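The file query27.txt contains compact mmCIF, C-alpha atoms:
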# COMPACT_ATOMS: atom_id res chain seq x y z
CA MET A 243 -7.91 -27.68 -19.48
CA LEU A 244 -6.32 -26.13 -22.52
CA TYR A 245 -5.44 -23.12 -20.38
CA GLY A 246 -3.73 -25.25 -17.76
CA TYR A 247 -1.85 -27.10 -20.47
CA LEU A 248 -0.58 -23.88 -22.09
CA ALA A 249 0.16 -22.25 -18.72
CA ALA A 250 2.35 -25.20 -17.76
CA GLU A 251 4.25 -24.79 -21.02
CA ARG A 252 4.84 -21.14 -20.09
CA GLY A 253 6.34 -22.20 -16.77
CA LEU A 254 3.47 -21.45 -14.39
CA SER A 255 3.18 -23.85 -11.48
CA VAL A 256 -0.08 -25.72 -11.00
CA ALA A 257 -0.83 -23.54 -7.94
CA GLU A 258 -0.28 -20.33 -9.92
CA THR A 259 -2.45 -21.58 -12.77
CA GLY A 260 -5.23 -22.52 -10.35
CA LEU A 261 -5.04 -19.17 -8.55
CA THR A 262 -5.26 -17.23 -11.81
CA SER A 263 -8.29 -19.17 -12.96
CA ALA A 264 -9.95 -18.90 -9.54
CA LEU A 265 -9.40 -15.16 -9.09
CA VAL A 266 -9.31 -13.66 -12.59
CA PHE A 267 -11.78 -16.16 -14.11
CA ALA A 268 -11.79 -14.64 -17.58
CA GLY A 269 -10.70 -17.11 -20.23
CA ALA A 270 -9.84 -14.97 -23.24
CA SER A 271 -7.78 -12.52 -21.17
CA GLN A 272 -5.95 -15.32 -19.37
CA PHE A 273 -4.86 -16.76 -22.70
CA LEU A 274 -3.72 -13.33 -23.76
CA ALA A 275 -1.78 -12.89 -20.51
CA LEU A 276 0.06 -16.13 -21.27
CA GLN A 277 1.20 -14.62 -24.56
CA LEU A 278 2.83 -11.78 -22.63
CA TRP A 279 4.26 -14.01 -19.92
CA SER A 280 8.05 -13.65 -19.77
CA ASP A 281 10.89 -13.24 -17.33
CA PRO A 282 11.04 -10.68 -15.70
CA LEU A 283 7.29 -10.53 -15.47
CA PRO A 284 5.84 -7.42 -17.23
CA VAL A 285 3.31 -6.82 -14.43
CA GLY A 286 2.08 -3.43 -15.70
CA ALA A 287 1.54 -4.61 -19.27
CA LEU A 288 -0.15 -7.76 -18.03
CA VAL A 289 -2.62 -5.91 -15.83
CA ALA A 290 -3.33 -3.24 -18.47
CA THR A 291 -3.87 -5.79 -21.23
CA VAL A 292 -6.04 -8.12 -19.19
CA THR A 293 -8.20 -5.25 -17.93
CA THR A 294 -8.55 -3.85 -21.45
CA VAL A 295 -9.65 -7.18 -22.89
CA ASN A 296 -12.24 -7.36 -20.18
CA VAL A 297 -13.62 -3.87 -20.79
CA ARG A 298 -16.41 -5.58 -22.72
CA HIS A 299 -17.71 -6.66 -19.30
CA VAL A 300 -18.80 -3.05 -18.75
CA LEU A 301 -21.35 -3.30 -21.56
CA MET A 302 -22.35 -6.77 -20.46
CA GLY A 303 -22.85 -5.76 -16.83
CA ALA A 304 -25.04 -2.86 -17.93
CA THR A 305 -27.41 -5.27 -19.71
CA MET A 306 -27.88 -7.23 -16.47
CA LYS A 307 -29.81 -4.40 -14.84
CA PRO A 308 -33.28 -5.96 -15.21
CA TRP A 309 -32.10 -8.88 -13.06
CA LEU A 310 -29.47 -7.46 -10.75
CA GLY A 311 -30.78 -3.90 -10.37
CA ARG A 312 -33.30 -5.07 -7.77
CA LEU A 313 -30.79 -6.93 -5.60
CA PRO A 314 -28.78 -5.66 -2.63
CA VAL A 315 -25.39 -4.31 -3.72
CA GLY A 316 -23.37 -7.18 -2.24
CA ARG A 317 -25.39 -9.85 -3.97
CA ALA A 318 -25.50 -7.97 -7.28
CA TYR A 319 -21.75 -7.44 -7.38
CA GLY A 320 -21.12 -10.93 -6.06
CA SER A 321 -23.16 -12.28 -8.97
CA LEU A 322 -21.14 -10.19 -11.39
CA PHE A 323 -17.93 -11.87 -10.25
CA PHE A 324 -19.24 -14.98 -12.04
CA MET A 325 -20.19 -13.12 -15.22
CA THR A 326 -18.27 -14.54 -18.18
CA ASP A 327 -19.05 -14.29 -21.90
CA GLU A 328 -20.64 -17.70 -21.68
CA ALA A 329 -22.70 -17.17 -18.51
CA TRP A 330 -23.77 -13.77 -19.77
CA GLY A 331 -24.72 -15.09 -23.20
CA LEU A 332 -26.81 -17.86 -21.65
CA SER A 333 -28.36 -15.31 -19.28
CA MET A 334 -29.28 -12.94 -22.11
CA ALA A 335 -30.86 -15.82 -23.99
CA GLU A 336 -32.84 -16.71 -20.84
CA MET A 337 -33.85 -13.06 -20.39
CA ASN A 338 -35.01 -12.98 -24.06
CA ARG A 339 -37.23 -15.98 -23.31
CA GLY A 340 -38.80 -13.99 -20.49
CA GLY A 341 -36.81 -15.51 -17.62
CA ARG A 342 -36.90 -13.42 -14.46
CA ASP A 343 -34.73 -15.40 -12.09
CA ALA A 344 -31.68 -13.30 -11.20
CA ALA A 345 -29.94 -16.39 -9.78
CA PHE A 346 -29.50 -17.65 -13.35
CA LEU A 347 -26.34 -15.60 -13.94
CA PRO A 348 -24.37 -16.65 -10.84
CA GLY A 349 -25.75 -20.17 -11.24
CA ALA A 350 -24.52 -20.53 -14.81
CA GLY A 351 -21.34 -18.68 -13.88
CA PHE A 352 -20.60 -20.93 -10.94
CA CYS A 353 -21.00 -24.11 -13.01
CA LEU A 354 -18.52 -22.71 -15.49
CA TYR A 355 -16.29 -21.64 -12.62
CA VAL A 356 -16.02 -25.17 -11.25
CA PHE A 357 -15.17 -26.55 -14.70
CA TRP A 358 -12.79 -23.72 -15.51
CA VAL A 359 -10.76 -23.94 -12.30
CA GLY A 360 -10.90 -27.73 -12.21
CA GLY A 361 -9.98 -27.96 -15.88
CA SER A 362 -7.08 -25.52 -15.46
CA LEU A 363 -5.66 -27.64 -12.64
CA LEU A 364 -6.08 -30.87 -14.58
CA GLY A 365 -4.62 -29.33 -17.72
CA GLY A 366 -1.66 -27.98 -15.75
CA ALA A 367 -1.00 -31.29 -14.04
CA PHE A 368 -1.64 -33.76 -16.87
CA GLY A 369 -1.59 -31.66 -20.04
CA GLY A 370 1.76 -33.06 -21.03
CA LEU A 371 0.03 -36.33 -21.87
CA VAL A 372 -1.85 -34.79 -24.84
CA PRO A 373 0.60 -34.47 -27.69
CA ASP A 374 -1.22 -32.17 -30.11
CA PRO A 375 -4.61 -30.69 -29.14
CA GLU A 376 -4.69 -28.69 -32.40
CA ARG A 377 -5.03 -31.91 -34.38
CA TYR A 378 -8.27 -32.93 -32.69
CA GLY A 379 -10.00 -29.60 -33.33
CA ILE A 380 -9.99 -28.82 -29.59
CA THR A 381 -8.88 -25.25 -30.19
CA PHE A 382 -11.99 -24.74 -32.32
CA VAL A 383 -14.23 -25.21 -29.27
CA PHE A 384 -14.08 -21.48 -28.45
CA THR A 385 -15.04 -20.41 -31.96
CA ALA A 386 -17.87 -22.93 -32.12
CA PHE A 387 -19.12 -21.89 -28.69
CA PHE A 388 -19.31 -18.22 -29.56
CA LEU A 389 -20.83 -18.90 -32.99
CA ALA A 390 -23.56 -21.00 -31.42
CA LEU A 391 -24.22 -18.21 -28.91
CA LEU A 392 -24.29 -15.62 -31.68
CA SER A 393 -26.80 -17.60 -33.72
CA GLY A 394 -29.06 -17.72 -30.66
CA PHE A 395 -29.37 -13.93 -30.77
CA TRP A 396 -30.65 -13.90 -34.34
CA ARG A 397 -34.06 -12.23 -34.40
CA GLY A 398 -34.37 -11.59 -38.12
CA ARG A 399 -32.88 -9.75 -41.04
CA ALA A 400 -32.82 -6.49 -39.09
CA ASP A 401 -29.78 -7.93 -37.26
CA LEU A 402 -27.82 -8.36 -40.45
CA LEU A 403 -26.65 -4.76 -40.80
CA PRO A 404 -25.57 -4.12 -37.16
CA TRP A 405 -23.83 -7.51 -37.00
CA GLY A 406 -22.15 -6.95 -40.34
CA ILE A 407 -20.89 -3.57 -39.18
CA ALA A 408 -19.69 -5.04 -35.88
CA GLY A 409 -17.81 -7.85 -37.63
CA ALA A 410 -16.35 -5.63 -40.35
CA THR A 411 -15.21 -3.01 -37.81
CA ALA A 412 -13.60 -5.69 -35.68
CA LEU A 413 -11.75 -7.12 -38.68
CA ALA A 414 -10.62 -3.70 -39.86
CA LEU A 415 -9.27 -2.68 -36.44
CA GLU A 416 -7.88 -6.02 -35.33
CA LYS A 417 -4.35 -5.41 -36.60
CA ALA A 418 -4.35 -1.64 -36.03
CA LEU A 419 -5.04 -1.65 -32.30
CA PRO A 420 -3.29 -3.30 -29.36
CA GLY A 421 -4.98 -6.00 -27.32
CA THR A 422 -8.61 -6.68 -28.05
CA TRP A 423 -9.97 -3.15 -28.36
CA TYR A 424 -11.29 -4.24 -31.74
CA ILE A 425 -13.96 -6.35 -30.05
CA LEU A 426 -15.20 -3.46 -27.96
CA LEU A 427 -15.14 -0.96 -30.82
CA GLY A 428 -16.79 -3.40 -33.24
CA ALA A 429 -19.52 -4.08 -30.68
CA LEU A 430 -20.00 -0.34 -30.10
CA ALA A 431 -20.22 0.47 -33.83
CA GLY A 432 -22.66 -2.35 -34.57
CA SER A 433 -24.87 -1.84 -31.52
CA LEU A 434 -25.10 1.94 -31.98
CA VAL A 435 -26.16 1.55 -35.62
CA GLY A 436 -28.66 -1.11 -34.53
CA ALA A 437 -30.03 1.16 -31.79
CA VAL A 438 -30.45 4.13 -34.16
CA ILE A 439 -32.37 1.94 -36.65
CA HIS A 440 -34.49 0.46 -33.85
CA VAL A 441 -35.42 3.85 -32.35
CA ARG A 442 -36.22 5.35 -35.78
CA ARG A 443 -38.51 2.47 -36.61
CA SER A 444 -40.59 2.47 -33.44
CA MET B 112 3.12 -26.26 -5.87
CA SER B 113 5.03 -22.98 -5.50
CA VAL B 114 3.77 -19.42 -5.93
CA ASP B 115 6.25 -16.73 -6.89
CA PRO B 116 5.60 -13.34 -5.14
CA ASP B 117 5.78 -11.36 -8.42
CA VAL B 118 3.42 -13.80 -10.07
CA LEU B 119 1.06 -13.53 -7.10
CA ALA B 120 1.08 -9.71 -7.35
CA ALA B 121 0.34 -9.89 -11.09
CA ILE B 122 -2.50 -12.36 -10.49
CA MET B 123 -4.06 -10.20 -7.75
CA LEU B 124 -3.88 -7.04 -9.89
CA MET B 125 -5.30 -8.81 -12.96
CA ALA B 126 -8.11 -10.13 -10.75
CA ALA B 127 -8.85 -6.66 -9.32
CA GLY B 128 -8.90 -5.01 -12.75
CA THR B 129 -11.14 -7.73 -14.16
CA PHE B 130 -13.59 -7.55 -11.26
CA ALA B 131 -13.78 -3.76 -11.71
CA THR B 132 -14.83 -4.21 -15.36
CA ARG B 133 -17.51 -6.65 -14.24
CA ILE B 134 -19.22 -4.27 -11.79
CA ILE B 135 -18.78 -0.85 -13.44
CA GLY B 136 -21.46 -1.41 -16.10
CA LEU B 137 -24.23 -2.18 -13.62
CA TRP B 138 -23.18 0.71 -11.40
CA LEU B 139 -23.27 3.10 -14.36
CA VAL B 140 -26.76 2.17 -15.55
CA GLN B 141 -28.09 2.33 -12.02
CA HIS B 142 -26.86 5.89 -11.66
CA LEU B 143 -27.85 7.12 -15.12
CA LYS B 144 -31.39 7.91 -16.19
CA PRO B 145 -32.55 5.19 -18.61
CA SER B 146 -33.70 6.54 -21.97
CA ARG B 147 -35.42 4.85 -24.90
CA PHE B 148 -32.19 5.03 -26.84
CA LEU B 149 -30.13 3.55 -23.98
CA GLU B 150 -32.53 0.63 -23.71
CA ALA B 151 -32.54 0.01 -27.46
CA TRP B 152 -28.78 0.20 -27.43
CA LEU B 153 -28.33 -2.31 -24.60
CA GLY B 154 -30.63 -4.69 -26.47
CA GLN B 155 -28.31 -4.52 -29.48
CA VAL B 156 -25.10 -5.12 -27.50
CA PRO B 157 -25.08 -8.94 -27.26
CA GLY B 158 -25.43 -9.70 -30.96
CA ALA B 159 -22.98 -6.99 -31.98
CA LEU B 160 -20.45 -8.05 -29.35
CA PHE B 161 -20.47 -11.69 -30.37
CA ALA B 162 -20.36 -10.69 -34.05
CA ALA B 163 -17.26 -8.58 -33.36
CA LEU B 164 -15.71 -11.43 -31.39
CA CYS B 165 -16.51 -14.12 -33.97
CA ALA B 166 -15.73 -12.38 -37.26
CA PRO B 167 -11.91 -12.34 -36.87
CA MET B 168 -11.88 -15.80 -35.25
CA VAL B 169 -13.75 -17.28 -38.21
CA VAL B 170 -11.81 -15.38 -40.88
CA HIS B 171 -8.50 -16.62 -39.45
CA ALA B 172 -9.70 -20.18 -38.87
CA GLY B 173 -8.64 -21.46 -42.31
CA PRO B 174 -10.58 -23.80 -44.64
CA ALA B 175 -11.25 -26.48 -42.00
CA GLY B 176 -12.38 -23.80 -39.56
CA TRP B 177 -14.75 -22.32 -42.15
CA ALA B 178 -16.30 -25.74 -42.65
CA GLY B 179 -16.61 -26.09 -38.88
CA ALA B 180 -18.17 -22.64 -38.55
CA ALA B 181 -20.70 -23.46 -41.26
CA ALA B 182 -21.56 -26.74 -39.51
CA THR B 183 -21.96 -25.01 -36.13
CA LEU B 184 -24.27 -22.34 -37.53
CA ALA B 185 -26.27 -24.81 -39.62
CA VAL B 186 -26.91 -27.20 -36.72
CA SER B 187 -27.75 -24.30 -34.41
CA ARG B 188 -30.17 -22.70 -36.91
CA LEU B 189 -31.85 -26.03 -37.66
CA GLY B 190 -32.68 -26.33 -33.99
CA GLY B 191 -30.06 -28.92 -33.12
CA GLY B 192 -29.39 -27.25 -29.78
CA PHE B 193 -26.41 -25.53 -28.32
CA PHE B 194 -24.27 -28.49 -27.33
CA LEU B 195 -24.85 -30.42 -30.56
CA ALA B 196 -23.95 -27.33 -32.60
CA ILE B 197 -20.57 -27.07 -30.85
CA VAL B 198 -19.85 -30.79 -31.15
CA SER B 199 -20.71 -30.74 -34.88
CA GLY B 200 -18.37 -27.79 -35.43
CA VAL B 201 -15.45 -29.36 -33.57
CA ALA B 202 -15.98 -32.75 -35.21
CA THR B 203 -16.11 -31.12 -38.64
CA VAL B 204 -12.82 -29.32 -37.98
CA ALA B 205 -11.15 -32.51 -36.76
CA LEU B 206 -12.30 -34.39 -39.86
CA ALA B 207 -11.70 -31.58 -42.34
CA ARG B 208 -8.25 -30.57 -41.12
CA PRO B 209 -6.28 -33.39 -42.74
CA LEU B 210 -8.35 -33.00 -45.95
CA LEU B 211 -8.48 -29.23 -46.37
CA ASP B 212 -5.51 -27.70 -44.57
CA GLY B 213 -3.05 -29.74 -46.59
CA LEU B 214 -4.18 -28.02 -49.80
In structure tokens, what does this structure look like?
Amino acid sequence: MLYGYLAAERGLSVAETGLTSALVFAGASQFLALQLWSDPLPVGALVATVTTVNVRHVLMGATMKPWLGRLPVGRAYGSLFFMTDEAWGLSMAEMNRGGRDAAFLPGAGFCLYVFWVGGSLLGGAFGGLVPDPERYGITFVFTAFFLALLSGFWRGRADLLPWGIAGATALALEKALPGTWYILLGALAGSLVGAVIHVRRS
Amino acid sequence: MSVDPDVLAAIMLMAAGTFATRIIGLWLVQHLKPSRFLEAWLGQVPGALFAALCAPMVVHAGPAGWAGAAATLAVSRLGGGFFLAIVSGVATVALARPLLDGL
């Protein structure tokens, strides 16, 4: 809904907002695209930035192999269309608990999809009625969501070093790099250190 | 309810690029030989990725945001569940903002 509200402020019609949410379906990158939205439309920069932000999906998709690797190509890639940070995070948590149902990812993703597209349309159409979402802490929902997901991945003190490196790398690179490369590079640094420690220990 | 042709082109290209990022990872691991290191690495990705995503968000969130982050993590770690953790964080921010951000 927040997306629809902000998109309307940027001059997108309700139909354009709905189409973006329905086809791109990647929250963080859609917000970033709105930041770049101007007239004339910088199509190249928009596409490059959005794709770059979503490069993290490559790592995420790779981790889905235990579930999707056994499926026919069409169904596997169809499921991946619904892979968002949230659906993936929930799926990884389910996989950690020993879940084996590959339908979990598209299932979780589709629920989010309905809310995301529906919310975008509602926000675009009626967002003007909310004077100041910042005041009610609504913008903190994203942060809280990802923090709650992160805490679900805590397995013990061995995670402290890789996570610390990931966070510190992200913070150090945030201002130095365009777009959200810092997320990808932070994740790479932290996960590689974690993997080296893990392999050495076992 | 109008759709501008330039906007439509941008939307379609953003959608195509995003879908490509979603499927490349699975394709890659299906066509590479899995090694012990690769498996250990993939297991480390989720935590590291969310840590890299969260660290700047939290650092820039300001005093009320820090209180909200602490509340979210505390409720989540104490077994309060996913939804309750988020609600506690958002409620804390809403309550703390007038108190802390005015300082």
_Taking 5 positions as the minimum chain separation for residues in the same chain, which residues sit within 10 Å of Ala287 of chain A when counting all atoms listed in the file? Answer as a ChimeraX atom specification._
/A:275,278-279,292-293 /B:121
Could the residues in this selection be saved with C-alpha atoms as a PDB file, in the coordinates of the input?
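out_21.pdb, written as the output of this step:
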ATOM      1  CA  ALA A 275      -1.780 -12.890 -20.510  1.00  0.00           C
ATOM      2  CA  LEU A 278       2.830 -11.780 -22.630  1.00  0.00           C
ATOM      3  CA  TRP A 279       4.260 -14.010 -19.920  1.00  0.00           C
ATOM      4  CA  VAL A 292      -6.040  -8.120 -19.190  1.00  0.00           C
ATOM      5  CA  THR A 293      -8.200  -5.250 -17.930  1.00  0.00           C
TER       6      THR A 293
ATOM      7  CA  ALA B 121       0.340  -9.890 -11.090  1.00  0.00           C
TER       8      ALA B 121
END
*Tell me which protein, DNA and RNA residues are within 12 Å of Pro157 of chain B, counting all atoms listed in the file, leaving out same-chain ones fewer than 2 positions away, and put them as a PyMOL selection string.*
(chain A and resi 298-299+301-306+327-328+330-335+337-338+388+391-397+401+404-405+408+425-426+428-430+432-434+436) or (chain B and resi 151-155+159-164)
*Residues within 9 Å of Thr326 of chain A, only C-alpha atoms, excluding chain neighbours under 6 positions, as a ChimeraX atom specification*: /A:267-269,299,351,354 /B:133
*asked:* Taking only C-alpha atoms into account, name the residue in A:Trp309, A:Phe346, A:Trp358, A:Phe368 that is nearest to chain B.
replied: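 Among the listed residues, the smallest separation from chain B belongs to A:Trp309.
With all atoms listed in the file as the atoms that count, the residue of A:Ala367, A:Leu419, A:Leu427, A:Ala414 with the shortest distance to Glu258 of chain A is A:Ala367.
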*asked:* Counting all atoms listed in the file, which residues sit no farther than 6 Å from the position (-17.7, -29.1, -39.0) in the file's frame? I'd like them as a PyMOL selection string.
replied: chain B and resi 178-179+182+199-204
_Residue nearest chain A among B:Ala181, B:Lys144, B:Ile197, B:Gly192 (counting all atoms listed in the file)_ = B:Ile197
*asked:* Please list, as a PyMOL selection string, the residues that have an atom at most 12 Å away from (-40.0, -2.3, -32.8) in the coordinates of this file, counting only C-alpha atoms.
replied: (chain A and resi 397+400+436-444) or (chain B and resi 147+151+154)
With all atoms listed in the file as the counted atoms, please give the residues lying no more than 7 Å from Thr132 of chain B, apart from itself and same-chain residues fewer than 2 positions off, as a PDB file with C-alpha atoms, in the frame of the given file.
ATOM      1  CA  ASN A 296     -12.240  -7.360 -20.180  1.00  0.00           C
ATOM      2  CA  VAL A 297     -13.620  -3.870 -20.790  1.00  0.00           C
ATOM      3  CA  HIS A 299     -17.710  -6.660 -19.300  1.00  0.00           C
ATOM      4  CA  VAL A 300     -18.800  -3.050 -18.750  1.00  0.00           C
TER       5      VAL A 300
ATOM      6  CA  GLY B 128      -8.900  -5.010 -12.750  1.00  0.00           C
ATOM      7  CA  THR B 129     -11.140  -7.730 -14.160  1.00  0.00           C
ATOM      8  CA  PHE B 130     -13.590  -7.550 -11.260  1.00  0.00           C
ATOM      9  CA  ILE B 134     -19.220  -4.270 -11.790  1.00  0.00           C
ATOM     10  CA  ILE B 135     -18.780  -0.850 -13.440  1.00  0.00           C
TER      11      ILE B 135
END
*Coordinates-based distance that separates atom CA of Ala431 of chain A from atom CA of Phe148 of chain B (Å, one decimal)*: 14.6 Å
*When you draw a straight line from atom CA of Ala410 of chain A to atom CA of Gly176 of chain B, how long is it in Å?*
18.6 Å
*Go ahead and compute the interatomic distance for atom CA of Leu265 of chain A and atom CA of Ile122 of chain B, in Å to one decimal.*
7.6 Å
*asked:* Considering only C-alpha atoms, can you say which of A:Ala270, A:Val256, A:Leu403, A:Ala350 comes closest to chain B?
replied: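 Answer, going by the shortest atom-to-atom distance: A:Val256.
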Do you know which residues are at most 9 Å from segment 280-283 of chain A counting only C-alpha atoms, after dropping those on the same chain fewer than 6 positions away, and could you put them as an mmCIF file with C-alpha atoms, keeping the file's coordinate frame?
data_model
loop_
_atom_site.group_PDB
_atom_site.id
_atom_site.type_symbol
_atom_site.label_atom_id
_atom_site.label_comp_id
_atom_site.auth_asym_id
_atom_site.auth_seq_id
_atom_site.Cartn_x
_atom_site.Cartn_y
_atom_site.Cartn_z
ATOM 1 C CA ARG A 252 4.840 -21.140 -20.090
ATOM 2 C CA ASP B 117 5.780 -11.360 -8.420
ATOM 3 C CA VAL B 118 3.420 -13.800 -10.070
ATOM 4 C CA ALA B 121 0.340 -9.890 -11.090
#
Taking all listed atoms of segment 330-345 of chain A, build the axis-aligned box, pad each of the six sides by 8 Å, then write its centre and edge lengths in Å to one decimal as AutoDock Vina command-line options.
--center_x -31.3 --center_y -15.4 --center_z -16.9 --size_x 31.0 --size_y 20.9 --size_z 30.3
